[in-house]
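run.txt, holding compact mmCIF, C-alpha atoms:
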# COMPACT_ATOMS: atom_id res chain seq x y z
CA MET A 1 132.46 31.80 102.46
CA SER A 2 128.83 32.59 103.08
CA ILE A 3 127.33 33.02 106.52
CA GLN A 4 123.60 33.26 106.98
CA LEU A 5 122.87 35.53 109.91
CA ARG A 6 119.41 36.17 111.28
CA ILE A 7 118.42 38.32 114.21
CA GLY A 8 117.15 36.12 117.00
CA ASP A 9 119.24 33.09 116.04
CA ASN A 10 120.73 31.28 119.03
CA LEU A 11 124.13 29.65 118.92
CA GLU A 12 124.43 26.07 120.09
CA PRO A 13 125.07 26.51 123.83
CA LEU A 14 128.32 25.45 125.46
CA LEU A 15 127.84 23.20 128.49
CA LEU A 16 130.44 22.69 131.21
CA HIS A 17 129.10 20.05 133.54
CA SER A 18 131.36 21.09 136.39
CA ILE A 19 134.07 23.68 136.81
CA GLY A 20 135.95 21.95 139.58
CA ALA A 21 138.89 22.84 141.78
CA ASP A 22 141.35 21.20 139.36
CA GLN A 23 140.23 23.36 136.44
CA VAL A 24 140.24 26.49 138.60
CA LYS A 25 143.77 25.68 139.76
CA ARG A 26 144.90 25.08 136.16
CA TYR A 27 143.45 28.43 135.12
CA ALA A 28 145.02 30.17 138.12
CA GLU A 29 148.43 28.87 137.09
CA ALA A 30 148.03 29.63 133.37
CA ALA A 31 146.65 33.12 134.00
CA ARG A 32 148.96 33.72 137.00
CA ASP A 33 145.84 34.81 138.91
CA ARG A 34 146.27 33.21 142.32
CA ASN A 35 143.72 35.39 144.12
CA PRO A 36 143.00 33.17 147.16
CA ILE A 37 139.21 33.61 146.97
CA HIS A 38 139.39 31.18 144.04
CA LEU A 39 141.60 28.62 145.73
CA SER A 40 141.07 28.72 149.50
CA SER A 41 137.89 28.20 151.51
CA ALA A 42 139.30 30.22 154.41
CA ALA A 43 140.15 33.20 152.19
CA ALA A 44 136.77 33.08 150.45
CA GLU A 45 134.89 32.94 153.76
CA ALA A 46 136.96 35.81 155.17
CA ALA A 47 135.74 37.87 152.23
CA GLY A 48 132.10 37.00 152.94
CA LEU A 49 131.71 34.30 150.31
CA ASP A 50 130.30 30.83 150.99
CA GLY A 51 133.39 29.18 149.51
CA PRO A 52 135.90 29.45 146.66
CA VAL A 53 134.49 30.96 143.48
CA VAL A 54 135.40 30.48 139.81
CA HIS A 55 137.52 33.24 138.22
CA GLY A 56 135.35 35.67 136.31
CA MET A 57 137.79 35.48 133.43
CA LEU A 58 137.43 31.70 133.25
CA ILE A 59 133.71 32.33 132.67
CA MET A 60 134.33 35.17 130.21
CA GLY A 61 136.77 32.93 128.38
CA GLN A 62 133.87 30.57 127.68
CA PHE A 63 132.13 33.39 125.79
CA GLU A 64 135.16 33.68 123.53
CA ARG A 65 135.37 29.88 123.25
CA LEU A 66 131.70 29.73 122.19
CA LEU A 67 132.22 32.39 119.52
CA ARG A 68 135.40 30.73 118.19
CA GLY A 69 133.63 27.38 118.08
CA TRP A 70 130.79 28.94 116.08
CA GLN A 71 132.97 30.81 113.56
CA PRO A 72 136.64 29.88 113.95
CA ASP A 73 137.85 32.58 111.55
CA CYS A 74 135.78 35.42 112.92
CA THR A 75 137.29 38.55 114.37
CA ILE A 76 135.95 39.61 117.75
CA ALA A 77 136.06 43.40 117.76
CA THR A 78 134.57 43.93 121.20
CA LEU A 79 133.73 41.69 124.10
CA THR A 80 132.15 42.96 127.31
CA THR A 81 130.99 41.10 130.39
CA GLN A 82 129.26 41.96 133.65
CA PHE A 83 129.65 39.44 136.43
CA LEU A 84 126.34 39.31 138.27
CA ARG A 85 126.98 36.81 141.05
CA PRO A 86 129.91 34.66 142.16
CA MET A 87 129.93 31.11 140.82
CA PRO A 88 130.93 28.48 143.39
CA VAL A 89 133.70 26.11 142.37
CA GLY A 90 132.13 22.78 141.38
CA ASP A 91 128.97 24.21 139.84
CA SER A 92 128.03 23.70 136.19
CA LEU A 93 127.83 26.39 133.55
CA GLU A 94 125.77 26.89 130.40
CA VAL A 95 126.95 29.59 128.03
CA GLY A 96 124.69 30.89 125.28
CA ALA A 97 124.58 33.59 122.63
CA ARG A 98 121.88 35.19 120.50
CA ILE A 99 122.27 37.45 117.49
CA VAL A 100 120.70 40.81 118.27
CA SER A 101 121.83 42.95 115.35
CA ILE A 102 123.42 42.51 111.94
CA ALA A 103 125.46 44.91 109.85
CA SER A 104 125.50 43.96 106.16
CA GLN A 105 126.20 40.23 106.71
CA GLN A 106 129.80 41.10 107.56
CA SER A 107 129.40 41.68 111.25
CA CYS A 108 126.87 41.12 113.96
CA THR A 109 126.30 41.76 117.63
CA LEU A 110 125.49 38.92 120.01
CA ARG A 111 124.04 38.99 123.48
CA LEU A 112 125.83 36.52 125.76
CA THR A 113 124.62 34.71 128.86
CA ALA A 114 126.21 32.36 131.40
CA ARG A 115 123.93 30.43 133.76
CA ASN A 116 124.62 28.18 136.72
CA SER A 117 123.05 24.78 137.43
CA ALA A 118 119.99 26.50 138.94
CA GLY A 119 119.49 28.50 135.75
CA GLN A 120 120.51 31.76 137.42
CA LEU A 121 122.46 34.29 135.39
CA ILE A 122 126.09 34.36 136.48
CA ALA A 123 127.28 36.75 133.81
CA ILE A 124 125.94 38.62 130.80
CA GLY A 125 127.82 40.19 127.96
CA GLU A 126 127.90 41.40 124.42
CA ALA A 127 130.22 40.75 121.51
CA THR A 128 130.70 42.39 118.14
CA VAL A 129 131.94 39.84 115.65
CA GLY A 130 133.19 40.35 112.11
CA PHE A 131 133.55 37.98 109.19
CA VAL A 132 135.92 37.90 106.25
CA LEU A 133 133.78 37.09 103.21
CA MET B 1 155.69 42.78 127.41
CA THR B 2 156.26 39.81 125.11
CA ILE B 3 153.46 37.41 124.21
CA ASN B 4 155.02 34.02 124.83
CA SER B 5 153.64 31.20 122.66
CA ASP B 6 153.90 28.53 125.39
CA GLU B 7 152.09 30.76 127.85
CA VAL B 8 149.35 31.45 125.30
CA ALA B 9 148.98 27.71 124.67
CA ALA B 10 148.68 27.01 128.41
CA PHE B 11 146.13 29.82 128.79
CA CYS B 12 144.03 28.44 125.91
CA ALA B 13 144.20 24.91 127.33
CA ALA B 14 143.10 26.12 130.77
CA LEU B 15 140.06 27.80 129.19
CA GLY B 16 139.19 24.59 127.34
CA PHE B 17 140.03 25.67 123.81
CA PRO B 18 140.60 22.63 121.57
CA PRO B 19 144.21 21.45 121.12
CA GLY B 20 145.90 23.17 118.22
CA HIS B 21 144.00 26.42 118.64
CA THR B 22 146.02 29.21 117.10
CA GLY B 23 145.96 32.90 117.78
CA VAL B 24 146.00 34.96 120.95
CA PRO B 25 142.63 35.08 122.74
CA LEU B 26 141.08 38.51 122.94
CA ILE B 27 140.94 38.16 126.73
CA TYR B 28 144.64 37.26 126.99
CA PRO B 29 145.70 40.78 128.10
CA ILE B 30 144.08 40.04 131.46
CA ARG B 31 147.21 38.02 132.11
CA MET B 32 149.27 41.19 131.83
CA LEU B 33 147.61 42.44 135.01
CA THR B 34 149.51 39.79 136.92
CA ASP B 35 152.86 41.34 136.09
CA ARG B 36 154.61 42.08 139.39
CA ARG B 37 154.71 45.85 138.77
CA VAL B 38 151.00 45.93 137.97
CA VAL B 39 150.09 43.77 140.99
CA SER B 40 152.07 46.12 143.24
CA ALA B 41 150.20 49.14 141.90
CA ILE B 42 146.80 47.45 142.33
CA GLU B 43 147.69 46.27 145.84
CA ALA B 44 148.75 49.79 146.81
CA ALA B 45 145.44 51.20 145.56
CA THR B 46 143.35 48.57 147.36
CA SER B 47 145.33 48.01 150.54
CA ASP B 48 142.20 48.34 152.71
CA ALA B 49 140.39 45.45 150.94
CA VAL B 50 140.48 41.86 152.14
CA ALA B 51 139.94 40.62 148.58
CA LEU B 52 139.07 41.82 145.09
CA LEU B 53 136.12 40.48 143.11
CA HIS B 54 135.77 40.97 139.37
CA GLN B 55 132.64 42.96 138.54
CA ALA B 56 133.00 43.86 134.86
CA GLN B 57 135.41 43.47 131.97
CA SER B 58 135.64 44.79 128.44
CA PHE B 59 138.05 44.36 125.55
CA THR B 60 138.26 46.22 122.27
CA CYS B 61 140.44 44.80 119.53
CA HIS B 62 141.89 47.18 116.97
CA LEU B 63 144.50 44.72 115.75
CA PRO B 64 145.11 41.14 116.92
CA LEU B 65 148.06 40.43 119.18
CA VAL B 66 150.67 38.08 117.75
CA VAL B 67 152.73 35.53 119.67
CA ASN B 68 156.41 36.22 120.20
CA HIS B 69 155.87 39.95 119.63
CA ALA B 70 156.52 42.60 122.27
CA TYR B 71 154.01 45.31 123.15
CA ARG B 72 153.78 48.29 125.41
CA LEU B 73 151.11 48.28 128.12
CA ASP B 74 149.89 51.55 129.63
CA LEU B 75 147.52 51.46 132.59
CA ARG B 76 145.39 53.96 134.43
CA LEU B 77 143.95 53.08 137.83
CA GLU B 78 140.92 54.91 139.20
CA ARG B 79 139.35 54.24 142.55
CA SER B 80 135.71 55.13 143.31
CA GLU B 81 134.32 55.20 146.83
CA GLY B 82 130.92 54.14 148.10
CA ARG B 83 129.39 51.34 150.14
CA ARG B 84 131.60 48.98 148.18
CA PRO B 85 134.63 50.80 146.80
CA ARG B 86 135.72 49.87 143.30
CA LEU B 87 138.93 50.03 141.33
CA SER B 88 138.88 50.41 137.57
CA VAL B 89 141.95 49.55 135.54
CA LYS B 90 142.04 50.91 132.00
CA GLY B 91 144.69 49.40 129.76
CA THR B 92 146.03 50.30 126.34
CA ILE B 93 148.30 48.01 124.36
CA THR B 94 150.41 49.46 121.57
CA ALA B 95 152.96 48.01 119.17
CA PRO B 96 156.55 49.31 119.08
CA ASP B 97 155.57 51.45 116.07
CA ASN B 98 152.79 53.02 118.20
CA ARG B 99 149.91 51.25 116.45
CA LEU B 100 147.01 50.87 118.85
CA MET B 101 146.37 47.14 119.27
CA GLN B 102 143.86 46.69 122.07
CA GLU B 103 142.11 48.50 124.90
CA PHE B 104 140.53 46.99 127.96
CA LYS B 105 138.84 47.97 131.19
CA THR B 106 138.68 45.91 134.37
CA THR B 107 136.35 46.79 137.25
CA LEU B 108 137.11 45.24 140.62
CA VAL B 109 134.95 45.38 143.75
CA MET B 110 136.92 45.73 146.97
CA LEU B 111 135.60 43.25 149.53
CA GLN B 112 135.95 44.17 153.19
CA ARG B 113 136.54 41.73 156.03
CA GLN B 114 133.24 40.23 157.30
Structure re-expressed in structure tokens:
Amino acid sequence: MSIQLRIGDNLEPLLLHSIGADQVKRYAEAARDRNPIHLSSAAAEAAGLDGPVVHGMLIMGQFERLLRGWQPDCTIATLTTQFLRPMPVGDSLEVGARIVSIASQQSCTLRLTARNSAGQLIAIGEATVGFVL
Amino acid sequence: MTINSDEVAAFCAALGFPPGHTGVPLIYPIRMLTDRRVVSAIEAATSDAVALLHQAQSFTCHLPLVVNHAYRLDLRLERSEGRRPRLSVKGTITAPDNRLMQEFKTTLVMLQRQ
């Protein structure tokens, strides 16, 4: 297997046209994370939010999904994410990645971004990915 | 804790992974934080918060987790004060033979009633 890596290359972005209440509920059940700020308007508003927000891990999971879609057999050695602002349930998400460093064509580091429908950054991250050649 | 294959499949489906995806996602250990004993410990450390909001998350993989295998999870909770108090949860996952599998860190912001 040969992978051509170049610093500055962007991965094909992953677009989720809407992360709706159904998907949030499905994730809450599968992850057993039933924090009410994700599921209840009243709970979200009591915490100072405008309404229910998408789980941060549902967003971070899209980073991993993007990387696995790019190179299904890669190993992800590290994955970090900072959540910059809450994402309202029902908004859309665009997840992207750019190669920022390469180590001997066997591993690389990618900078990760997640943006909402207004183009605002929701989350940023970094991943170190390895390849079996 | 045992990594159950059906639960991994449901987790992958909820994230939108394509059907037939194999392997345990790197972020799967987040699910371990919902174990009743862990939830109780987090609730005790954040009892003055109205809700918790995820601020940051990291995972380091030393060896991949495997479905239907059991692992040991060790956690350390640290609370930091300030205008918005935070709780960090540092986790280490080891195999029964003590091989280090994964490490992770979760940072939660404690929201106060508005």
Q.
Would you mind listing, as a list of chain:residue names, all residues of chain B that have at least one atom within 6 Å of chain A, where all atoms listed in the file are what counts?
A.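 Taken together, these residues fit the definition: B:Ala10, B:Phe11, B:Ala14, B:Arg31, B:Gln55, B:Ala56, B:Gln57, B:Ser58, B:Phe59, B:Thr60, B:Cys61, B:Arg113, B:Gln114.
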Q: Excluding range 104-120 of chain A and residues on its chain fewer than 5 positions from it, collect all residues at most 6 Å away from it, counting only C-alpha atoms, and give them as a list in words.
A: Ser92, Leu93, Glu94, Val95, Gly96, Ala97, Arg98, Ile99, Gly125, Glu126, Ala127, Thr128, Val129, Gly130 and Phe131 of chain A
Q: Could you check how far CA of Leu53 in chain B sits from CA of Leu67 in chain A, in Å to one decimal?
A: 25.2 Å
(Q) If I take CA of Leu75 in chain B and CA of Pro25 in chain B, how far is one from the other in Å, to one decimal? (A) 19.7 Å
